[in-house]
Each structure stands twice: as C-alpha cells, then as structure tokens.
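Data block below; observations after.
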Amino acid sequence: MALLLEHIVVRYRGSAAAGGDLDAVREVSMGLAAGEIGVLVGPSGCGKTSLLRAVAGLEPLAGGRIRLAGDIVSDPAAGLHRPAEQRRVGMVFQDYALFPHLDVAANVAFGLHALGRAERARRVQEMLSLVGLPEVAGKMPHQLSGGQQQRVALARALAPAPRLLLLDEAFSALDVELRERLAHEVRAILKASGTAALVVTHDQMEAFALADRLGVMQAGRLEQWDRPYDLYHRPATRFVADFIGHGVLAPARIVSTPQGPRVDTPLGLLADADECPLPDAYPGGECLVLLRADDIEHDDAAPVRARILRRDFRGAEFLYTLALADGLEVLAHVPSHHDHAPGEWIGIRPRVEHVVTFPR
Ligand SMILES: Nc1ncnc2c1ncn2[C@@H]1O[C@H](COP(=O)(O)OP(=O)(O)OP(=O)(O)O)[C@@H](O)[C@H]1O
C-alpha cells in the first residue's frame with residue numbers, strides 16, 4: 001500500500017466560546033495501492049483539506065495511524081509524528097504557486113539539491129518532457145498560461161520522486177474545459193511516473209476523470225471509498241446517492257410479481273433491474289429509490305407524462321427538471337435534438353439498470 005489510513009482523527013482545538021474542539025476528520029480509514037489515484041470529494045468544510053494536510057505531515061493526528069509505503073509516519077498513541085520534510089510526499093495546491101522570480105528549470109530543480117548539477121539538469125528536462133512542456137525550461141512563470149503553470153507545478157512535485165503526491169484543488173482556478181482536459185493529462189502523467197496520488201477536488205467531472213478510487217466525505221467522515229463505477233451505481237448511503245450525479249430519491253414500494261420482486265415507482269414498475277431487494281427488506285416494502293437523470297428516458301409514446309420545469313443545456317444533451325402529475329420532481333438527460341420548452345408535457349419512462357434503495 002502506498003498509503004494506509006487507520007481510523008485517523010484530526011482535531012482543531014477551540015475555546016468553549018468558539019464551540020469547543022472540532023473533529024474535522026473522524027475515524028477515517030482507507031488505502032491506496034502503489035500507483036493508484038484516489039480522489040476525495042464532499043461539500044465545503046467536510047474535512048478533505050484537513051485529511052490531506054495530516055497525510056502531508058502539516059497537521060498532527062489526534063488519533064489513528066498513517067502509513068506511507070509501509071512506514072508509520074503518524075501515530076499519536078506512540079508519540080510519533082514525522083515532519084513533512086521527512087515524508088517524501090509531493091504537493092500541488094491551488095495557491096501553491098511557482099516561485100515567480102525563478103525560471104521554470106530552477107522551479108522544477110527546487111527539491112533536487114541532493115543531485116549533482118548534470119544529474120539535476122537531466123531530471124528537470126525529464127520532468128518537463130513528462131508533463132508535455134519540454135521547451136519552457138528557460139521561461140519565467142508569468143510567461144506561461146495557467147494550465148502550463150500547474151503542469152510545471154506538477155513537474156516540480158514529481159521531480160524528487162515522492163512516495164505519494166497530494167493535489168488539493170490544484171486546477172480549480174482554471175476554466176472548466178481546460179480543467180477536464182488537464183485531468184486526463186494528469187492521470188496519464190501520474191500513470192507514466194507510477195506515482196500514487198491523493199486528490200481533493202470539488203469538481204465531479206475531474207474526480208471521475210482522475211480516480212481509480214473515489215471517496216465521498218461528509219462532516220469529517222468518509223461515507224464510501226470505492227471504484228468510481230461502484231460509487232456511482234451502488235452508493236452506500238443516501239448522502240452519497242444525493243451528492244454524486246444528478247438524481248432524486250423517490251418514494252417506492254418493493255412488490256412481488258410472477259417475474260420476481262419489482263420496484264413500484266411513480267414512473268411505474270421497474271423492469272429488467274438487477275439486484276432488486278425482496279419486499280420484506282423494508283416494512284411494507286416501502287422505500288426510497290434512486291432515480292438518476294440517466295435512468296429516465298424521454299419517449300413521446302411513454303404513458304407517464306411530466307411537465308418541464310427547467311431545462312439546462314449541456315451541449316449534447318439537456319438536463320430537464322420535470323414534475324409528474326402528483327408534483328414529484330425528477331431529472332432526465334435528454335439528447336439535445338429533442339428541443340422541448342419549459343411548460344410542455346413530455347412522455348418519460350424509467351430504464352434503471354442498478355436498483356438502489358434506502359429506508360424511508
Ligand atoms: N486551522 C484550523 N483551525 C480550526 N478549524 C479549522 C482549521 N482548518 C479547518 N478548520 C475547520 O475544519 C473543518 C474542515 O475544514 P477543511 O478545510 O478540512 O474542509 P474542506 O472539505 O477541505 O473544505 P473546502 O472544500 O471548503 O476547502 C471546517 O469546519 C473548518 O472550518
């Protein structure tokens with residue numbers, strides 16, 4: 001394991017007047033294998049940055065243990081806290097800008113004092129090639145675009161061959177389009193260098209583009225830590241179901257049919273769904289079912305009608321917010337050549353492959 005967190009707690013001391021102590025990270029456990037990219041998402045203030053800072057050695061732990069490549073680096077019960085400079089962890093933060101008075105080569109060479117001059121120059125060139133900027137060594141940071149600057153910051157962080165790379169909102173200052181392209185590039189760069197990374201972002205597109213493992217935090221807790229596909233299709237908690245993707249939790253009932261258990265929803269029975277719970281999983285079969293925007297198809301021939309409340313253009317598709325006759329709101333992705341206006345009634349049908357239910 002490149003990184004192993006065992007029940008870590010990060011506590012900020014506060015006066016009673018300020019509400020007392022705050023556990024910003026509560027008993028979080030997770031692991032990252034060598035070369036894996038883990039991404040943490042969650043609402044503002046949920047503890048993502050505090051967790052990253054604890055891994056970097058910038059915050060002491062109040063409980064639990066952190067191992068980097070097998071070495072214990074934080075273990076308060078044993079009085080152990082390795083300082084940041086002894087952890088061999090690289091960092092790229094949004095506000096961790098390049099040194100403005102040093103050229104690109106000197107920036108990338110910054111952590112390489114142990115190497116001889118020729119070796120250092122070779123490593124700088126290797127890193128700049130890795131991030132796709134082999135020709136900028138002699139430029140000053142202000143002569144580069146924002147995206148180029150963050151790639152140089154990545155080269156600088158990777159140059160000393162860290163055991164783990166931490167990225168905290170490293171690309172959030174860039175515009176959306178560049179951010180998504182860069183996420184794919186950064187993934188390729190990390191994979192090429194074989195470096196494990198833990199990334200914090202508020203951008204779900206970026207998270208899905210980067211992650212081998214994706215975690216959702218809420219109020220200091222890690223609600224789920226899973227492969228992105230499983231996190232999306234098998235959210236472990238209502239919070240994760242709500243937070244990831246676009247969807248609603250609609251009241252439903254599990255019923256027995258000759259074909260087996262089915263979910264009866266305001267959009268009708270869900271057919272062909274895998275992993276449907278049995279009716280006795282909930283009292284009276286009553287539950288909530290996750291209906292994501294991509295589980296709902298627009299079809300003029302469908303018997304269920306819904307009124308368009310709102311329409312968000314997303315390029316190839318619209319995200320419609322719809323209201324059923326009984327007022328329940330659902331979301332639907334619809335290819336943008338179906339151009340219906342708010343106020344119109346359209347036909348919809350559910351096409352849910354993974355049934356996700358929660359207690360009411
Ligand atoms: N140095 C500190 N002293 C006291 N409280 C802090 C400190 N740093 C963060 N906190 C509090 O700890 C909680 C978690 O903050 P943290 O910055 O880790 O969250 P975050 O998920 O990274 O948020 P964001 O996405 O807004 O950056 C918040 O309630 C925050 O106010």
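Identifiers in this document derive from the order of the structure tokens: chains are assigned A, B, ..., residues are numbered from 1 separately in each chain, and ligands are numbered from 1 in order of occurrence.
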
Show which residues sit within 6 Å of stretch 15-29 of chain A, as a ChimeraX atom specification. Count only C-alpha atoms, and ignore same-chain residues fewer than 6 positions away. /A:5-9,47,220-222

Among stretch 148-330 of chain A, which ones does DSSP place in alpha helix (DSSP H), written as an MDAnalysis selection string? chainID A and resid 148:158 176:193 204:210 228:233 238:243

Keeping only C-alpha atoms, write the selected residues as a compact mmCIF listing (two decimals), in the first residue's frame.
# COMPACT_ATOMS: atom_id res chain seq x y z
CA GLN A 148 1.11 25.37 -18.16
CA GLN A 149 1.96 26.76 -14.72
CA GLN A 150 0.05 23.95 -13.00
CA ARG A 151 1.81 21.39 -15.21
CA VAL A 152 5.15 22.88 -14.15
CA ALA A 153 4.00 22.70 -10.51
CA LEU A 154 3.25 19.02 -11.13
CA ALA A 155 6.73 18.52 -12.64
CA ARG A 156 8.27 20.22 -9.61
CA ALA A 157 6.30 18.00 -7.20
CA LEU A 158 7.20 14.81 -9.10
CA VAL A 176 -13.94 24.08 -16.95
CA GLU A 177 -12.87 22.91 -20.39
CA LEU A 178 -9.16 23.15 -19.63
CA ARG A 179 -9.74 21.51 -16.25
CA GLU A 180 -11.29 18.42 -17.78
CA ARG A 181 -8.59 18.10 -20.44
CA LEU A 182 -5.90 18.57 -17.84
CA ALA A 183 -7.48 15.92 -15.58
CA HIS A 184 -7.00 13.33 -18.34
CA GLU A 185 -3.43 14.55 -18.93
CA VAL A 186 -2.60 14.48 -15.23
CA ARG A 187 -3.91 10.94 -14.98
CA ALA A 188 -1.66 9.89 -17.87
CA ILE A 189 1.34 11.70 -16.31
CA LEU A 190 0.81 10.04 -12.91
CA LYS A 191 0.39 6.63 -14.51
CA ALA A 192 3.53 7.15 -16.62
CA SER A 193 5.51 8.07 -13.50
CA GLN A 204 -17.11 15.66 -10.03
CA MET A 205 -16.12 15.56 -13.71
CA GLU A 206 -12.50 15.95 -12.66
CA ALA A 207 -12.96 13.32 -9.93
CA PHE A 208 -14.36 10.74 -12.35
CA ALA A 209 -11.71 11.54 -14.96
CA LEU A 210 -8.87 11.01 -12.47
CA PRO A 228 -15.95 5.23 -9.28
CA TYR A 229 -18.33 2.86 -11.11
CA ASP A 230 -19.44 1.25 -7.84
CA LEU A 231 -19.71 4.55 -6.05
CA TYR A 232 -21.98 5.86 -8.81
CA HIS A 233 -24.09 2.74 -9.30
CA ARG A 238 -28.30 8.34 0.95
CA PHE A 239 -25.76 11.11 1.24
CA VAL A 240 -23.53 9.58 -1.44
CA ALA A 241 -26.54 8.89 -3.67
CA ASP A 242 -27.60 12.52 -3.37
CA PHE A 243 -24.14 14.04 -3.69

Quick one: pull the distance between atom CA of A:Thr201 and atom CA of A:Leu102, Å, one decimal. 28.2 Å

Please find the residues contacting ligand 1 at a distance of at most 8 Å between atoms, with only C-alpha atoms and all ligand atoms counted, and report them as a PyMOL selection string. chain A and resi 12-14+22-25+41-51+200-202+217+219-220

Could you name the residues that touch stretch 36-39 of chain A at 7 Å or less, counting only C-alpha atoms, but leaving out those on the same chain fewer than 2 positions away, as a PyMOL selection string? chain A and resi 32-34+41+196-200+207+210-215

Coordinates-based distance that separates atom CA of A:Glu297 from atom CA of A:Leu322 (Å, one decimal): 11.9 Å

Which polymer residues have any atom within 10 Å of an atom of A:Gly260, counting only C-alpha atoms, with same-chain residues fewer than 6 positions away left out, as an MDAnalysis selection string? chainID A and resid 276 278:279

Provide the atom CA of A:Arg310 to atom CA of A:Ala252 distance in Å, to one decimal place. 24.2 Å

Of A:Leu144, A:Ala332, A:Ala77, A:Met1, the one nearest to A:Gly245 when counting only C-alpha atoms is A:Ala332
